[in-house]
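Structure file protein36.txt with compact mmCIF, C-alpha atoms:
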```
# COMPACT_ATOMS: atom_id res chain seq x y z
CA MET A 1290 -17.29 -10.46 4.91
CA SER A 1291 -18.77 -12.96 7.32
CA HIS A 1292 -21.72 -13.53 5.03
CA LEU A 1293 -19.62 -15.60 2.66
CA ASP A 1294 -21.37 -18.94 2.81
CA VAL A 1295 -18.20 -21.03 2.74
CA ASP A 1296 -17.10 -19.41 5.98
CA SER A 1297 -20.20 -20.17 7.98
CA ASP A 1298 -19.19 -23.65 9.15
CA ARG A 1299 -15.76 -22.60 10.34
CA PRO A 1300 -14.86 -21.59 13.90
CA ALA A 1301 -15.14 -17.90 14.72
CA HIS A 1302 -11.48 -17.33 15.58
CA GLU A 1303 -10.35 -18.77 12.25
CA ARG A 1304 -12.80 -16.57 10.42
CA LEU A 1305 -11.50 -13.57 12.35
CA ALA A 1306 -7.89 -14.44 11.52
CA ASP A 1307 -8.83 -14.79 7.85
CA GLU A 1308 -10.59 -11.46 7.97
CA ARG A 1309 -7.46 -9.83 9.33
CA LEU A 1310 -5.34 -11.41 6.62
CA ALA A 1311 -7.83 -10.36 3.95
CA ASN A 1312 -7.92 -6.77 5.18
CA ARG A 1313 -4.15 -6.58 4.86
CA GLU A 1314 -4.43 -7.86 1.31
CA LEU A 1315 -7.21 -5.50 0.28
CA ARG A 1316 -5.72 -2.27 1.58
CA SER A 1317 -2.49 -0.45 0.87
CA SER A 1318 0.23 -0.69 3.51
CA ARG A 1319 1.43 2.85 2.71
CA ALA A 1320 4.97 1.55 2.57
CA THR A 1321 5.93 3.86 -0.32
CA ALA A 1322 4.66 7.00 1.37
CA ALA A 1323 6.36 5.90 4.59
CA VAL A 1324 9.72 5.50 2.85
CA ILE A 1325 9.35 8.89 1.13
CA ALA A 1326 8.45 10.53 4.45
CA ALA A 1327 11.35 8.86 6.24
CA VAL A 1328 13.85 9.94 3.57
CA LEU A 1329 12.48 13.50 3.64
CA VAL A 1330 12.71 13.77 7.43
CA SER A 1331 16.18 12.19 7.38
CA LEU A 1332 17.54 14.66 4.82
CA VAL A 1333 16.23 17.70 6.70
CA SER A 1334 17.52 16.26 9.98
CA LEU A 1335 20.93 15.52 8.49
CA TYR A 1336 21.34 19.10 7.31
CA LEU A 1337 20.25 20.52 10.69
CA LEU A 1338 22.49 17.96 12.40
CA LEU A 1339 25.47 19.19 10.40
CA GLU A 1340 24.87 22.82 11.30
CA ALA A 1341 24.19 22.00 14.96
CA ALA A 1342 27.29 19.84 15.20
CA LEU A 1343 29.46 22.55 13.61
CA LYS A 1344 28.00 25.00 16.08
CA ALA A 1345 28.63 22.64 19.00
CA LEU A 1346 32.26 22.16 17.89
CA GLY A 1347 32.72 25.90 17.45
CA GLN A 1348 33.43 25.61 13.70
CA GLN A 1349 32.34 27.84 10.84
CA PRO A 1350 28.83 27.05 9.52
CA TRP A 1351 28.42 25.26 6.18
CA LEU A 1352 25.57 27.28 4.66
CA ALA A 1353 24.14 29.40 7.47
CA LEU A 1354 24.30 29.75 11.23
CA PRO A 1355 21.22 28.43 13.03
CA GLU A 1356 20.68 31.98 14.27
CA GLN A 1357 20.70 33.24 10.70
CA ILE A 1358 18.09 30.69 9.70
CA ALA A 1359 15.94 31.72 12.66
CA SER A 1360 16.18 35.43 11.91
CA TRP A 1361 15.45 34.80 8.22
CA LEU A 1362 12.26 33.01 9.32
CA HIS A 1363 11.48 35.93 11.64
CA GLN A 1364 11.67 38.53 8.87
CA LEU A 1365 9.80 36.29 6.48
CA PRO A 1366 7.23 38.16 4.42
CA GLY A 1367 9.59 41.10 3.90
CA ASN A 1368 12.77 39.34 2.80
CA THR A 1369 11.53 37.26 -0.13
CA SER A 1370 9.39 37.99 -3.12
CA PRO A 1371 5.77 37.20 -2.27
CA VAL A 1372 5.42 35.14 -5.44
CA ILE A 1373 8.24 32.79 -4.47
CA LEU A 1374 7.02 32.58 -0.89
CA ALA A 1375 3.48 31.81 -2.02
CA ALA A 1376 4.70 29.18 -4.48
CA CYS A 1377 6.87 27.50 -1.85
CA GLY A 1378 4.04 27.65 0.66
CA ALA A 1379 1.60 26.10 -1.78
CA LEU A 1380 4.11 23.37 -2.65
CA ILE A 1381 4.69 22.48 1.00
CA LEU A 1382 0.95 22.60 1.61
CA LEU A 1383 0.31 20.16 -1.25
CA LEU A 1384 3.08 17.85 -0.06
CA GLY A 1385 1.53 17.89 3.41
CA LEU A 1386 -1.89 17.23 1.93
CA PHE A 1387 -0.47 14.22 0.04
CA PHE A 1388 0.97 12.71 3.22
CA PHE A 1389 -2.15 13.54 5.22
CA LEU A 1390 -4.47 11.90 2.69
CA GLN A 1391 -2.17 8.89 2.44
CA GLY A 1392 -2.45 8.54 6.19
CA VAL A 1393 -6.19 9.06 6.45
CA LEU A 1394 -7.78 7.57 3.31
CA PRO A 1395 -8.62 3.84 3.45
CA GLY A 1396 -6.41 3.05 0.45
CA HIS A 1397 -8.45 0.23 -1.06
CA LEU A 1398 -6.48 -1.68 -3.64
CA HIS A 1399 -8.11 -2.71 -6.91
CA ARG A 1400 -8.93 -6.16 -5.61
CA HIS A 1401 -11.90 -8.20 -4.50
CA ARG A 1402 -12.13 -11.03 -2.05
CA ILE A 1403 -13.85 -14.22 -3.09
CA PRO A 1404 -14.55 -17.18 -0.82
CA GLY A 1405 -12.11 -20.05 -1.03
CA ARG A 1406 -12.20 -23.52 0.41
CA ARG A 1407 -8.75 -23.11 1.86
CA GLY A 1408 -7.23 -19.81 2.88
CA VAL A 1409 -8.01 -16.28 1.85
CA VAL A 1410 -8.50 -15.62 -1.87
CA VAL A 1411 -8.07 -12.15 -3.30
CA VAL A 1412 -8.49 -11.38 -6.98
CA ASP A 1413 -7.18 -8.39 -8.90
CA ASP A 1414 -10.02 -6.51 -10.57
CA GLU A 1415 -8.30 -7.06 -13.90
CA VAL A 1416 -8.55 -10.83 -13.58
CA LEU A 1417 -12.19 -10.53 -12.61
CA ALA A 1418 -12.88 -8.22 -15.54
CA ALA A 1419 -11.24 -10.65 -17.94
CA SER A 1420 -13.47 -13.50 -16.81
CA LEU A 1421 -16.59 -11.34 -17.06
CA ALA A 1422 -15.55 -10.09 -20.50
CA ARG A 1423 -15.14 -13.65 -21.69
CA ARG A 1424 -18.64 -14.52 -20.53
CA ALA A 1425 -20.15 -11.42 -22.15
CA ARG A 1426 -18.26 -12.17 -25.33
CA THR A 1427 -19.51 -15.72 -25.66
CA GLU A 1428 -23.03 -14.60 -24.82
CA ALA A 1429 -23.02 -11.85 -27.48
CA GLN A 1430 -20.92 -13.88 -29.95
CA VAL A 1431 -18.49 -11.07 -30.66
CA THR A 1432 -14.70 -10.94 -30.69
CA ARG A 1433 -12.37 -9.94 -27.87
CA GLU A 1434 -11.89 -6.39 -29.11
CA GLN A 1435 -15.59 -5.63 -29.05
CA VAL A 1436 -16.01 -6.04 -25.30
CA LEU A 1437 -14.56 -3.81 -22.62
CA VAL A 1438 -15.25 -4.58 -18.97
CA VAL A 1439 -14.36 -2.19 -16.18
CA VAL A 1440 -14.54 -3.54 -12.64
CA SER A 1441 -14.49 -1.15 -9.72
CA ARG A 1442 -15.38 -1.68 -6.08
CA ALA A 1443 -19.16 -1.68 -6.39
CA LEU A 1444 -19.76 -1.51 -10.12
CA VAL A 1445 -19.16 -3.68 -13.17
CA GLU A 1446 -19.39 -1.81 -16.46
CA VAL A 1447 -19.68 -3.80 -19.67
CA ARG A 1448 -19.21 -1.86 -22.90
CA LEU A 1449 -20.04 -3.76 -26.02
CA ARG A 1450 -19.82 -2.88 -29.69
CA PRO A 1451 -21.94 -5.30 -31.66
CA THR A 1452 -21.12 -6.59 -35.12
CA SER A 1453 -23.04 -4.66 -37.79
CA GLY A 1454 -26.23 -6.43 -38.78
CA THR A 1455 -26.21 -8.77 -35.79
CA PRO A 1456 -28.36 -7.32 -33.05
CA VAL A 1457 -27.26 -7.92 -29.47
CA ASN A 1458 -29.66 -8.49 -26.63
CA ALA A 1459 -28.43 -6.27 -23.79
CA ASP A 1460 -30.72 -7.90 -21.23
CA ALA A 1461 -29.35 -11.36 -21.97
CA ILE A 1462 -25.79 -10.10 -21.55
CA GLN A 1463 -26.77 -8.36 -18.34
CA LEU A 1464 -28.16 -11.64 -16.99
CA ALA A 1465 -25.11 -13.62 -18.12
CA VAL A 1466 -22.65 -11.21 -16.51
CA GLU A 1467 -24.72 -11.07 -13.33
CA ASP A 1468 -24.69 -14.85 -13.26
CA GLU A 1469 -20.92 -14.87 -13.65
CA VAL A 1470 -20.56 -12.32 -10.84
CA ARG A 1471 -22.79 -14.48 -8.65
CA ARG A 1472 -20.70 -17.54 -9.47
CA ALA A 1473 -17.49 -15.76 -8.54
CA ARG A 1474 -19.20 -14.86 -5.25
CA ILE A 1475 -17.55 -11.47 -4.93
CA SER A 1476 -18.46 -9.55 -1.86
CA PRO A 1477 -19.84 -6.94 -1.77
CA VAL A 1478 -21.89 -7.89 -4.85
CA PRO A 1479 -21.27 -5.20 -7.45
CA GLN A 1480 -23.96 -3.69 -9.64
CA VAL A 1481 -23.77 -4.66 -13.31
CA ARG A 1482 -24.35 -2.15 -16.10
CA VAL A 1483 -24.28 -3.04 -19.76
CA PHE A 1484 -23.81 -0.43 -22.47
CA VAL A 1485 -24.33 -1.55 -26.05
CA SER A 1486 -22.95 1.03 -28.43
CA SER A 1487 -25.24 2.18 -31.23
CA SER A 1488 -22.56 1.95 -33.92
CA GLY A 1489 -21.52 -1.53 -34.94
CA VAL A 1490 -18.22 -3.01 -36.06
CA VAL A 1491 -17.94 -4.08 -39.68
CA GLY A 1492 -16.75 -7.46 -40.80
CA GLN A 1493 -16.05 -9.38 -37.62
CA MET B 457 0.87 -10.91 5.37
CA ASN B 458 4.28 -9.26 5.67
CA GLN B 459 5.11 -7.35 8.82
CA THR B 460 4.93 -3.82 7.52
CA PRO B 461 3.84 -1.70 10.52
CA ARG B 462 0.71 -0.35 8.87
CA THR B 463 -0.73 1.54 11.82
CA LEU B 464 2.62 3.16 12.59
CA ASN B 465 3.00 4.12 8.92
CA ARG B 466 -0.36 5.82 8.90
CA ILE B 467 0.18 7.64 12.21
CA LEU B 468 3.62 8.97 11.27
CA ILE B 469 2.56 9.94 7.74
CA THR B 470 -0.49 11.76 9.07
CA ILE B 471 1.60 13.68 11.63
CA LEU B 472 4.14 14.67 8.99
CA GLY B 473 1.32 15.67 6.63
CA LEU B 474 -0.33 17.88 9.24
CA LYS B 475 2.96 19.59 10.09
CA LEU B 476 3.80 20.26 6.44
CA MET B 477 0.29 21.56 5.83
CA LEU B 478 0.65 23.93 8.79
CA ALA B 479 4.06 25.19 7.60
CA GLY B 480 2.90 25.55 4.00
CA GLY B 481 -0.32 27.21 5.09
CA ILE B 482 1.55 29.80 7.18
CA ALA B 483 3.96 30.55 4.34
CA LEU B 484 1.09 30.92 1.89
CA ALA B 485 -0.90 33.11 4.28
CA LEU B 486 2.12 35.37 4.93
CA ALA B 487 2.63 35.80 1.20
CA LEU B 488 -1.02 36.49 0.41
CA VAL B 489 -2.17 38.49 3.47
CA PRO B 490 0.28 41.33 4.28
CA ALA B 491 -1.66 42.13 7.47
CA LEU B 492 -0.43 38.90 9.03
CA ALA B 493 3.20 40.06 8.92
CA GLY B 494 2.85 41.99 12.19
CA TRP B 495 1.41 38.98 13.98
CA TRP B 496 4.19 36.76 12.59
CA HIS B 497 6.92 39.22 13.71
CA ALA B 498 5.45 39.39 17.20
CA VAL B 499 5.15 35.63 17.57
CA THR B 500 8.60 34.82 16.22
CA ALA B 501 10.25 37.64 18.18
CA GLN B 502 8.76 36.22 21.37
CA ALA B 503 9.87 32.68 20.46
CA GLY B 504 13.33 33.94 19.53
CA ALA B 505 13.70 35.78 22.85
CA ASN B 506 12.67 32.66 24.78
CA LEU B 507 15.13 30.56 22.80
CA GLN B 508 17.96 33.05 23.36
CA ALA B 509 17.24 33.06 27.10
CA LEU B 510 17.36 29.26 27.13
CA LEU B 511 20.65 29.21 25.22
CA ASP B 512 22.15 31.84 27.58
CA SER B 513 21.11 29.90 30.66
CA THR B 514 22.70 26.71 29.34
CA THR B 515 26.01 28.28 28.37
CA VAL B 516 28.81 27.24 30.72
CA PRO B 517 30.81 30.34 31.81
CA GLY B 518 33.93 30.70 29.70
CA GLN B 519 32.45 28.80 26.77
CA ARG B 520 31.27 30.51 23.62
CA ASP B 521 28.19 28.43 22.88
CA SER B 522 25.51 26.61 24.83
CA TRP B 523 25.94 22.88 25.47
CA LEU B 524 22.39 22.58 24.17
CA TRP B 525 23.83 22.34 20.64
CA ILE B 526 25.41 19.00 21.56
CA VAL B 527 22.03 17.77 22.82
CA VAL B 528 20.33 19.01 19.65
CA SER B 529 22.91 17.18 17.53
CA LEU B 530 22.37 13.95 19.42
CA VAL B 531 18.58 14.23 19.18
CA LEU B 532 18.79 14.83 15.43
CA LEU B 533 21.16 11.86 15.07
CA LEU B 534 18.68 9.73 16.98
CA LEU B 535 15.88 10.94 14.70
CA VAL B 536 17.85 9.94 11.59
CA LEU B 537 18.53 6.49 13.07
CA LEU B 538 14.83 6.08 13.91
CA MET B 539 13.91 6.99 10.34
CA ILE B 540 16.33 4.37 9.01
CA ALA B 541 14.82 1.81 11.39
CA TRP B 542 11.36 2.77 10.16
CA ILE B 543 12.36 2.20 6.53
CA ALA B 544 13.85 -1.16 7.49
CA GLN B 545 10.47 -2.23 8.87
CA GLN B 546 8.73 -1.96 5.50
CA GLY B 547 7.89 -5.21 3.82
CA LYS B 548 9.85 -7.42 6.15
CA GLY B 549 8.67 -10.76 7.45
CA ARG B 550 9.86 -13.25 4.86
CA THR B 551 11.12 -16.37 6.48
CA GLY B 552 13.33 -19.30 5.55
CA THR B 553 11.86 -21.68 8.09
CA ILE B 554 8.16 -22.27 7.82
CA ALA B 555 7.80 -24.62 10.79
CA ALA B 556 9.99 -25.68 13.69
CA ASP B 557 9.30 -28.36 16.25
CA PHE B 558 11.59 -28.31 19.26
CA ASP B 559 9.80 -30.59 21.72
CA GLY B 560 8.10 -32.98 19.27
CA ASP B 561 7.81 -36.59 20.41
CA GLY B 562 10.56 -36.43 23.01
CA ALA B 563 13.31 -37.65 20.72
CA PRO B 564 16.57 -35.70 20.82
CA GLY B 565 17.07 -32.94 18.30
CA ALA B 566 14.66 -30.62 16.57
CA VAL B 567 12.83 -30.66 13.28
CA GLN B 568 12.86 -27.58 11.12
CA LEU B 569 11.00 -27.32 7.87
CA SER B 570 12.57 -24.97 5.36
CA SER B 571 10.06 -22.82 3.54
CA GLY B 572 11.60 -24.08 0.30
CA VAL B 573 9.75 -27.37 0.85
CA ALA B 574 6.35 -25.77 0.65
CA GLU B 575 7.38 -23.16 -1.91
CA GLN B 576 8.88 -25.53 -4.43
CA ALA B 577 6.31 -28.29 -4.06
CA LEU B 578 3.47 -25.84 -4.63
CA ARG B 579 5.15 -23.96 -7.43
CA ALA B 580 5.96 -27.14 -9.31
CA ALA B 581 2.39 -28.39 -8.96
CA LEU B 582 0.88 -25.04 -9.93
CA GLN B 583 2.98 -24.66 -13.04
CA GLU B 584 1.56 -27.86 -14.51
CA ARG B 585 -1.94 -26.42 -14.63
CA ASP B 586 -3.24 -25.16 -17.93
CA SER B 587 -5.20 -22.26 -16.51
CA ILE B 588 -2.16 -20.92 -14.65
CA LEU B 589 0.55 -19.07 -16.52
CA HIS B 590 2.89 -18.41 -13.64
CA ALA B 591 2.97 -18.85 -9.89
CA THR B 592 5.23 -17.77 -7.06
CA VAL B 593 5.01 -18.93 -3.47
CA THR B 594 6.60 -17.11 -0.56
CA ALA B 595 6.65 -17.94 3.12
CA TYR B 596 6.19 -15.29 5.79
CA ASP B 597 6.32 -15.17 9.56
CA TYR B 598 2.78 -14.68 10.72
CA ASP B 599 1.35 -14.80 14.23
CA GLY B 600 4.32 -16.77 15.54
CA GLY B 601 4.12 -19.42 12.83
CA GLY B 602 4.58 -19.63 9.12
CA ALA B 603 2.15 -18.52 6.46
CA LEU B 604 2.15 -18.93 2.71
CA ARG B 605 1.41 -16.32 0.10
CA ILE B 606 0.61 -17.83 -3.27
CA ARG B 607 0.69 -15.42 -6.18
CA VAL B 608 -0.93 -16.84 -9.27
CA VAL B 609 -1.09 -15.35 -12.75
CA PRO B 610 -4.09 -17.07 -14.35
CA ARG B 611 -4.72 -17.18 -18.06
CA LEU B 612 -6.91 -14.17 -18.88
CA GLY B 613 -10.60 -14.95 -18.93
CA VAL B 614 -10.47 -18.01 -16.71
CA SER B 615 -13.05 -17.98 -13.93
CA PRO B 616 -11.29 -16.86 -10.74
CA GLN B 617 -13.39 -19.24 -8.68
CA ALA B 618 -12.15 -22.20 -10.71
CA VAL B 619 -8.50 -21.16 -10.31
CA ALA B 620 -9.01 -20.58 -6.59
CA ASP B 621 -10.47 -24.06 -6.26
CA GLU B 622 -7.55 -25.63 -8.12
CA VAL B 623 -5.04 -23.86 -5.90
CA SER B 624 -7.06 -24.81 -2.81
CA ASP B 625 -6.86 -28.47 -3.88
CA LEU B 626 -3.09 -28.27 -4.09
CA VAL B 627 -2.80 -26.52 -0.74
CA GLU B 628 -4.96 -29.17 0.86
CA ALA B 629 -2.71 -31.85 -0.63
CA LEU B 630 0.28 -30.03 0.83
CA ASP B 631 -1.46 -29.88 4.22
CA LEU B 632 -1.84 -33.66 4.09
CA ALA B 633 1.74 -34.23 2.98
CA LEU B 634 3.23 -32.03 5.70
CA GLY B 635 0.76 -32.97 8.41
CA MET B 636 0.16 -29.34 9.34
CA SER B 637 -1.67 -26.41 7.86
CA PHE B 638 -0.61 -22.78 7.58
CA PRO B 639 -2.61 -19.63 6.99
CA VAL B 640 -2.69 -19.18 3.23
CA VAL B 641 -3.36 -16.20 1.01
CA ILE B 642 -4.10 -16.92 -2.63
CA HIS B 643 -3.70 -13.84 -4.78
CA LEU B 644 -4.80 -13.93 -8.41
CA VAL B 645 -3.00 -11.20 -10.31
CA ALA B 646 -2.96 -9.93 -13.85
CA GLY B 647 0.76 -9.94 -14.45
CA ALA B 648 2.89 -8.93 -17.40
CA ARG B 649 2.58 -12.44 -18.75
CA SER B 650 -1.18 -12.33 -19.02
CA ARG B 651 -0.96 -8.86 -20.58
CA LEU B 652 1.11 -10.21 -23.44
CA VAL B 653 -2.01 -12.02 -24.48
CA ARG B 654 -4.40 -9.42 -25.87
CA ALA B 655 -6.42 -8.05 -22.99
CA ASP B 656 -10.17 -8.19 -22.61
CA ARG B 657 -10.40 -5.30 -20.30
CA VAL B 658 -9.12 -2.07 -18.90
CA ARG B 659 -9.49 -1.40 -15.23
```
Would you put the structure from the file into structure tokens?
Amino acid sequence: MSHLDVDSDRPAHERLADERLANRELRSSRATAAVIAAVLVSLVSLYLLLEAALKALGQQPWLALPEQIASWLHQLPGNTSPVILAACGALILLLGLFFFLQGVLPGHLHRHRIPGRRGVVVVDDEVLAASLARRARTEAQVTREQVLVVVSRALVEVRLRPTSGTPVNADAIQLAVEDEVRRARISPVPQVRVFVSSSGVVGQ
Amino acid sequence: MNQTPRTLNRILITILGLKLMLAGGIALALALVPALAGWWHAVTAQAGANLQALLDSTTVPGQRDSWLWIVVSLVLLLLVLLMIAWIAQQGKGRTGTIAADFDGDGAPGAVQLSSGVAEQALRAALQERDSILHATVTAYDYDGGGALRIRVVPRLGVSPQAVADEVSDLVEALDLALGMSFPVVIHLVAGARSRLVRADRVR
């Protein structure tokens, strides 16, 4: 995001430090998935630990001897119903896929960075959408309920239901919202799309 | 801003995910493709024989079981402790002391600045603003020094740039008052308070 004009007069190492801070703010830390994974591994380990410790102490097993578990695994397709085995396999596969994707996907949060005079400024997409909706609303002279703005990473969608009998100029709204986006100086600059619904709202 | 070990999180989660996918995939394949059963029996029989040989070779004469079970128990215990340590790493990094000066101007003693100074000064100033419904300020350890995270709930519909500028003004005033500047993150959020006002949007 080095093209933010406010940043250009600042030393490179500060900009780099800000960039690092901003990246932490804009992406998920995967803390939740990490805690789930840690709890899962701990529970499995605790059970195996119990059986191994009982074995080491020469005591009776709690649920099954380690050897029994191993031989059950060895005889696998024959000793369970294929439906249950397939269901369990699919479940484990999906769980693994969840963790794998959590680890590999970038995990962008619903936030944008805007340039600030001091420090790193990140804005939730909801806040951004609210400010754009307000601008579209004043431009079209409609009420709150008639405008819906959806902000995603590279796209701003404005959905507007005009008041019956009062035509709305979609191009003017497009320009106004684009102007507001430019003023907020979001980067990357999202594309703006305005949809004016054909059916109007009565009596606003 | 906090010290969650993000790279470690991703590496460990990915490894766990791959292992689970492998296990689940094998189970699914065994259930769906009966022809694989022979291969599975051969592989596991071989592994079982190797394991039995290892256990036999590590059994002290006169004892019933291998001492390897003790080692396995200890390794599993270590694994559980590591997992607990990993959980403890998540989201840590909040600090009570935002700045400390031990050498200073040569006078005896040290100066420590509690993070409450910055937190309360900023919060009080932020809460007076009309465009801001609620604000929280927290101090974190960052790069060997302090850093501030300012979480602001603006009134819905206010231009984010205007709010950011207002907060920047206050932070600059704080910089002047304290005589030092920290890395700052300003986060504008749509909190529960702004949702109580009828919303203009849906994400």
Exercise. What residues in chain A have any atom no more than 6 Å from chain B when counting only C-alpha atoms, and can you write them as a ChimeraX atom specification?
Worked result: /A:1318,1320,1323-1324,1327,1331,1334,1338,1341-1342,1345,1363,1366,1371,1374-1375,1378-1379,1381-1382,1385-1386,1388-1389,1392,1407-1413,1415-1416,1419-1420,1423,1433,1437-1439,1473
For this session: Would you kindly return, as a VMD selection string, each protein, DNA or RNA residue with an atom no farther than 10 Å from any atom of A:Pro1451, considering all atoms listed in the file and excluding same-chain residues fewer than 3 positions away?
Result: chain A and resid 1429 to 1432 1435 to 1436 1448 1454 to 1458 1485 to 1491 1493
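Distance-wise, atom CA of B:Arg585 and atom CA of A:Thr1427 end up 23.3 Å apart.
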Exercise. Counting all atoms listed in the file, what is within 10 Å of B:Thr551, bar same-chain residues fewer than 5 positions away, as a PyMOL selection string?
Worked result: chain B and resi 458+570-572+594-598+601-603
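In this model, the gap between atom CA of A:Ser1476 and atom CA of A:Thr1321 comes to 27.9 Å.
For the atom pair formed by atom CA of B:Asp586 and atom CA of A:Leu1421, the distance is 19.2 Å, given to one decimal.
Of the residues under consideration (A:His1401, A:Arg1442, A:Arg1304, A:Arg1426), A:His1401 shows the shortest atom-to-atom contact distance to A:Arg1474 when counting only C-alpha atoms.
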Please, could N, CA and C atoms be added to stretch 486-507 of chain B and the result written as a PDB file, keeping the file's coordinate frame?
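Result written to part.pdb:
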```pdb
ATOM      1  N   LEU B 486       1.245  34.206   4.796  1.00  0.00           N
ATOM      2  CA  LEU B 486       2.120  35.370   4.930  1.00  0.00           C
ATOM      3  C   LEU B 486       2.326  36.049   3.577  1.00  0.00           C
ATOM      4  N   ALA B 487       2.404  35.231   2.521  1.00  0.00           N
ATOM      5  CA  ALA B 487       2.630  35.800   1.200  1.00  0.00           C
ATOM      6  C   ALA B 487       1.386  36.521   0.691  1.00  0.00           C
ATOM      7  N   LEU B 488       0.212  35.957   1.016  1.00  0.00           N
ATOM      8  CA  LEU B 488      -1.020  36.490   0.410  1.00  0.00           C
ATOM      9  C   LEU B 488      -1.664  37.584   1.257  1.00  0.00           C
ATOM     10  N   VAL B 489      -1.520  37.523   2.585  1.00  0.00           N
ATOM     11  CA  VAL B 489      -2.170  38.490   3.470  1.00  0.00           C
ATOM     12  C   VAL B 489      -1.102  39.325   4.177  1.00  0.00           C
ATOM     13  N   PRO B 490      -0.789  40.506   3.668  1.00  0.00           N
ATOM     14  CA  PRO B 490       0.280  41.330   4.280  1.00  0.00           C
ATOM     15  C   PRO B 490      -0.019  41.686   5.737  1.00  0.00           C
ATOM     16  N   ALA B 491      -1.305  41.723   6.104  1.00  0.00           N
ATOM     17  CA  ALA B 491      -1.660  42.130   7.470  1.00  0.00           C
ATOM     18  C   ALA B 491      -1.142  41.145   8.506  1.00  0.00           C
ATOM     19  N   LEU B 492      -0.884  39.905   8.077  1.00  0.00           N
ATOM     20  CA  LEU B 492      -0.430  38.900   9.030  1.00  0.00           C
ATOM     21  C   LEU B 492       1.039  39.079   9.422  1.00  0.00           C
ATOM     22  N   ALA B 493       1.760  39.916   8.667  1.00  0.00           N
ATOM     23  CA  ALA B 493       3.200  40.060   8.920  1.00  0.00           C
ATOM     24  C   ALA B 493       3.460  40.530  10.354  1.00  0.00           C
ATOM     25  N   GLY B 494       2.654  41.487  10.831  1.00  0.00           N
ATOM     26  CA  GLY B 494       2.850  41.990  12.190  1.00  0.00           C
ATOM     27  C   GLY B 494       2.696  40.894  13.223  1.00  0.00           C
ATOM     28  N   TRP B 495       1.645  40.100  13.056  1.00  0.00           N
ATOM     29  CA  TRP B 495       1.410  38.980  13.980  1.00  0.00           C
ATOM     30  C   TRP B 495       2.598  38.015  13.960  1.00  0.00           C
ATOM     31  N   TRP B 496       3.075  37.699  12.748  1.00  0.00           N
ATOM     32  CA  TRP B 496       4.190  36.760  12.590  1.00  0.00           C
ATOM     33  C   TRP B 496       5.442  37.320  13.273  1.00  0.00           C
ATOM     34  N   HIS B 497       5.733  38.618  13.087  1.00  0.00           N
ATOM     35  CA  HIS B 497       6.920  39.220  13.710  1.00  0.00           C
ATOM     36  C   HIS B 497       6.818  39.114  15.219  1.00  0.00           C
ATOM     37  N   ALA B 498       5.623  39.416  15.748  1.00  0.00           N
ATOM     38  CA  ALA B 498       5.450  39.390  17.200  1.00  0.00           C
ATOM     39  C   ALA B 498       5.672  37.977  17.743  1.00  0.00           C
ATOM     40  N   VAL B 499       5.054  37.012  17.094  1.00  0.00           N
ATOM     41  CA  VAL B 499       5.150  35.630  17.570  1.00  0.00           C
ATOM     42  C   VAL B 499       6.578  35.133  17.520  1.00  0.00           C
ATOM     43  N   THR B 500       7.244  35.347  16.351  1.00  0.00           N
ATOM     44  CA  THR B 500       8.600  34.820  16.220  1.00  0.00           C
ATOM     45  C   THR B 500       9.583  35.569  17.095  1.00  0.00           C
ATOM     46  N   ALA B 501       9.354  36.880  17.301  1.00  0.00           N
ATOM     47  CA  ALA B 501      10.250  37.640  18.180  1.00  0.00           C
ATOM     48  C   ALA B 501      10.166  37.076  19.594  1.00  0.00           C
ATOM     49  N   GLN B 502       8.950  36.791  20.048  1.00  0.00           N
ATOM     50  CA  GLN B 502       8.760  36.220  21.370  1.00  0.00           C
ATOM     51  C   GLN B 502       9.465  34.861  21.474  1.00  0.00           C
ATOM     52  N   ALA B 503       9.250  34.008  20.462  1.00  0.00           N
ATOM     53  CA  ALA B 503       9.870  32.680  20.460  1.00  0.00           C
ATOM     54  C   ALA B 503      11.388  32.805  20.437  1.00  0.00           C
ATOM     55  N   GLY B 504      11.892  33.745  19.630  1.00  0.00           N
ATOM     56  CA  GLY B 504      13.330  33.940  19.530  1.00  0.00           C
ATOM     57  C   GLY B 504      13.917  34.387  20.857  1.00  0.00           C
ATOM     58  N   ALA B 505      13.213  35.298  21.553  1.00  0.00           N
ATOM     59  CA  ALA B 505      13.700  35.780  22.850  1.00  0.00           C
ATOM     60  C   ALA B 505      13.755  34.635  23.854  1.00  0.00           C
ATOM     61  N   ASN B 506      12.683  33.801  23.869  1.00  0.00           N
ATOM     62  CA  ASN B 506      12.670  32.660  24.780  1.00  0.00           C
ATOM     63  C   ASN B 506      13.835  31.716  24.498  1.00  0.00           C
ATOM     64  N   LEU B 507      14.072  31.484  23.205  1.00  0.00           N
ATOM     65  CA  LEU B 507      15.130  30.560  22.800  1.00  0.00           C
ATOM     66  C   LEU B 507      16.490  31.107  23.220  1.00  0.00           C
TER      67      LEU B 507
END
```
